[in-house]
>>> print(open('model.cif').read())   # mmCIF, C-alpha atoms
data_model
#
loop_
_atom_site.label_atom_id
_atom_site.label_comp_id
_atom_site.auth_asym_id
_atom_site.auth_seq_id
_atom_site.Cartn_x
_atom_site.Cartn_y
_atom_site.Cartn_z
CA SER A 1 -8.19 33.34 17.94
CA GLN A 2 -9.16 30.89 15.22
CA PRO A 3 -7.00 27.79 14.72
CA ALA A 4 -5.11 27.79 11.43
CA PRO A 5 -7.08 26.06 8.69
CA GLU A 6 -5.80 22.63 7.82
CA THR A 7 -4.08 22.21 4.51
CA VAL A 8 -6.23 20.36 2.01
CA LEU A 9 -4.11 18.23 -0.24
CA LYS A 10 -5.87 16.88 -3.30
CA LEU A 11 -3.97 14.02 -4.83
CA SER A 12 -4.48 13.16 -8.48
CA LYS A 13 -3.00 10.06 -10.01
CA GLN A 14 -0.68 10.47 -13.01
CA ALA A 15 1.79 8.44 -15.03
CA ILE A 16 0.78 5.10 -13.59
CA THR A 17 1.04 2.01 -15.71
CA PRO A 18 -0.79 -1.25 -14.94
CA THR A 19 2.37 -3.32 -15.53
CA ALA A 20 6.08 -2.99 -14.81
CA GLU A 21 9.06 -4.94 -16.10
CA VAL A 22 11.81 -6.35 -13.93
CA GLY A 23 15.00 -4.32 -14.34
CA ARG A 24 13.22 -1.28 -15.82
CA ARG A 25 12.70 1.86 -13.79
CA THR A 26 8.96 2.43 -13.50
CA PRO A 27 7.79 5.98 -12.76
CA PHE A 28 5.12 6.52 -10.12
CA ALA A 29 3.86 10.10 -10.12
CA VAL A 30 1.15 11.95 -8.27
CA GLY A 31 -0.21 15.44 -8.70
CA ILE A 32 -1.17 17.74 -5.84
CA PRO A 33 -2.95 20.69 -7.49
CA SER A 34 -3.76 22.48 -4.25
CA SER A 35 -0.34 22.09 -2.63
CA PRO A 36 0.58 24.97 -0.32
CA SER A 37 3.57 26.77 -1.82
CA ASN A 38 4.77 28.06 1.53
CA ARG A 39 4.94 24.66 3.26
CA ASP A 40 7.18 21.68 2.81
CA LEU A 41 5.31 18.57 1.81
CA THR A 42 6.18 14.98 2.55
CA VAL A 43 4.80 12.84 -0.24
CA GLN A 44 5.31 9.09 0.03
CA LEU A 45 4.70 6.02 -2.07
CA HIS A 46 3.79 2.98 0.06
CA MET A 47 4.35 -0.36 -1.67
CA ARG A 48 3.98 -4.01 -0.76
CA CYS A 49 5.00 -6.91 -2.99
CA ALA A 50 4.66 -10.65 -2.43
CA THR A 51 8.20 -10.90 -1.01
CA ASP A 52 7.60 -8.22 1.66
CA ASP A 53 5.91 -10.55 4.19
CA GLY A 54 2.96 -8.20 4.47
CA ARG A 55 5.11 -5.17 5.33
CA TRP A 56 4.70 -1.90 3.45
CA ARG A 57 7.83 -0.19 2.13
CA ARG A 58 7.87 3.60 2.09
CA TYR A 59 9.53 5.69 -0.60
CA LYS A 60 9.91 9.45 -0.33
CA MET A 61 8.77 11.06 -3.56
CA GLU A 62 10.65 14.00 -5.08
CA ARG A 63 9.05 17.12 -6.46
CA SER A 64 9.27 16.93 -10.27
CA GLY A 65 7.12 19.89 -11.22
CA ARG A 66 5.09 22.70 -9.72
CA ALA A 67 2.40 20.30 -8.51
CA THR A 68 3.88 16.89 -9.31
CA TRP A 69 5.89 14.42 -7.26
CA GLU A 70 7.59 11.36 -8.71
CA ARG A 71 9.53 8.28 -7.69
CA ARG A 72 11.04 5.70 -10.03
CA ILE A 73 11.05 2.13 -8.77
CA ASN A 74 13.33 -0.58 -10.13
CA PHE A 75 11.70 -3.97 -9.52
CA ASN A 76 13.84 -7.04 -8.81
CA ILE A 77 13.30 -10.48 -10.30
CA ASP A 78 11.88 -11.82 -7.01
CA GLU A 79 9.19 -9.12 -7.00
CA ARG A 80 7.42 -10.64 -9.99
CA GLY A 81 3.68 -10.88 -9.57
CA ARG A 82 1.37 -8.30 -8.10
CA CYS A 83 2.39 -5.36 -5.96
CA ASP A 84 -0.02 -3.11 -4.07
CA TYR A 85 0.63 0.59 -3.56
CA TYR A 86 -0.88 3.87 -2.40
CA PHE A 87 0.25 7.46 -1.85
CA THR A 88 0.19 9.82 1.14
CA ALA A 89 0.92 13.53 1.40
CA GLN A 90 1.33 15.67 4.49
CA ALA A 91 2.30 19.30 4.97
CA ASP A 92 4.94 19.97 7.62
CA GLY A 93 3.47 21.07 10.92
CA ASP A 94 0.00 19.92 9.89
CA ALA A 95 -1.66 16.94 11.51
CA SER A 96 -3.92 16.29 8.54
CA SER A 97 -2.78 14.21 5.64
CA SER A 98 -4.29 13.09 2.36
CA SER A 99 -4.03 9.76 0.65
CA LEU A 100 -4.73 8.32 -2.76
CA GLY A 101 -5.57 4.68 -2.28
CA SER A 102 -5.00 3.06 1.12
CA LYS A 103 -3.83 -0.11 2.84
CA GLY A 104 -7.39 -1.37 2.63
CA SER A 105 -7.95 -0.44 -1.01
CA PRO A 106 -4.58 -0.05 -2.72
CA PHE A 107 -3.77 0.31 -6.39
CA LYS A 108 -2.25 -2.74 -8.05
CA ILE A 109 0.60 -3.13 -10.50
CA ARG A 110 1.66 -6.37 -12.20
CA VAL A 111 5.42 -6.94 -12.32
CA ARG A 112 6.64 -9.27 -15.04
#
>>> encode(input="model.cif", output="structure tokens")
Amino acid sequence: SQPAPETVLKLSKQAITPTAEVGRRTPFAVGIPSSPSNRDLTVQLHMRCATDDGRWRRYKMERSGRATWERRINFNIDERGRCDYYFTAQADGDASSSSLGSKGSPFKIRVR
């Protein structure tokens, strides 16, 4: 028998601003147009700011539309400067995952 085809998750960036303000909730959203409707997805935002000592924080994103996931981040005063981030998505029971950006080439946001 053939192995089940892997889920192909196509991430598309949405609602991303180049700057964020301390104390304001900044929305990070990502679209997954080919998301499998019959599977649970784990979509995460990975973020690293200057105060994180090189460690990446992970935030679970919530489904906010048929093919959109979102997470609002409230930046603290000590997170001023540049933060790096990227997204990952994985279907439950599937070894394959997709990412938008990566540790090696993350997106950047300026926090002021």
>>> resolve_selection(input="model.cif", expression="the PyMOL selection byres ((chain A and resi 38-49) around 7)", output="number ranges by chain")
A: 36-37, 50-52, 54-61, 79, 82-92
>>> resolve_selection(input="model.cif", expression="the PyMOL selection byres ((chain A and resi 67) around 8)", output="ChimeraX atom specification")
/A:31-35,63-66,68-69
>>> write_last_selection(input="model.cif", atoms="C-alpha atoms", output="short mmCIF file (atom, residue, chain, number, x, y, z; two decimals), keeping the file's coordinate frame")
data_model
loop_
_atom_site.label_atom_id
_atom_site.label_comp_id
_atom_site.auth_asym_id
_atom_site.auth_seq_id
_atom_site.Cartn_x
_atom_site.Cartn_y
_atom_site.Cartn_z
CA GLY A 31 -0.21 15.44 -8.70
CA ILE A 32 -1.17 17.74 -5.84
CA PRO A 33 -2.95 20.69 -7.49
CA SER A 34 -3.76 22.48 -4.25
CA SER A 35 -0.34 22.09 -2.63
CA ARG A 63 9.05 17.12 -6.46
CA SER A 64 9.27 16.93 -10.27
CA GLY A 65 7.12 19.89 -11.22
CA ARG A 66 5.09 22.70 -9.72
CA THR A 68 3.88 16.89 -9.31
CA TRP A 69 5.89 14.42 -7.26
#
>>> atom_distance(input="model.cif", atom1="atom CA of Lys108 of chain A", atom2="atom CA of Ser96 of chain A")
25.3 Å
>>> atom_distance(input="model.cif", atom1="atom CA of Phe28 of chain A", atom2="atom CA of Gly101 of chain A")
13.4 Å
>>> axis_aligned_box(input="model.cif", around="segment 75-85 of chain A", padding_each_side="8 Å", output="AutoDock Vina command-line options")
--center_x 6.9 --center_y -5.6 --center_z -6.9 --size_x 29.9 --size_y 28.4 --size_z 22.7
>>> atom_distance(input="model.cif", atom1="atom CA of Glu21 of chain A", atom2="atom CA of Ser98 of chain A")
29.1 Å
>>> closest_residue(input="model.cif", among="A:Asp53, A:Arg72, A:Glu62, A:Gly93", to="Arg25 of chain A", atoms="all atoms listed in the file")
A:Arg72
>>> closest_residue(input="model.cif", among="A:Ala95, A:Ala20, A:Val30, A:Ile73", to="Val111 of chain A", atoms="all atoms listed in the file")
A:Ala20
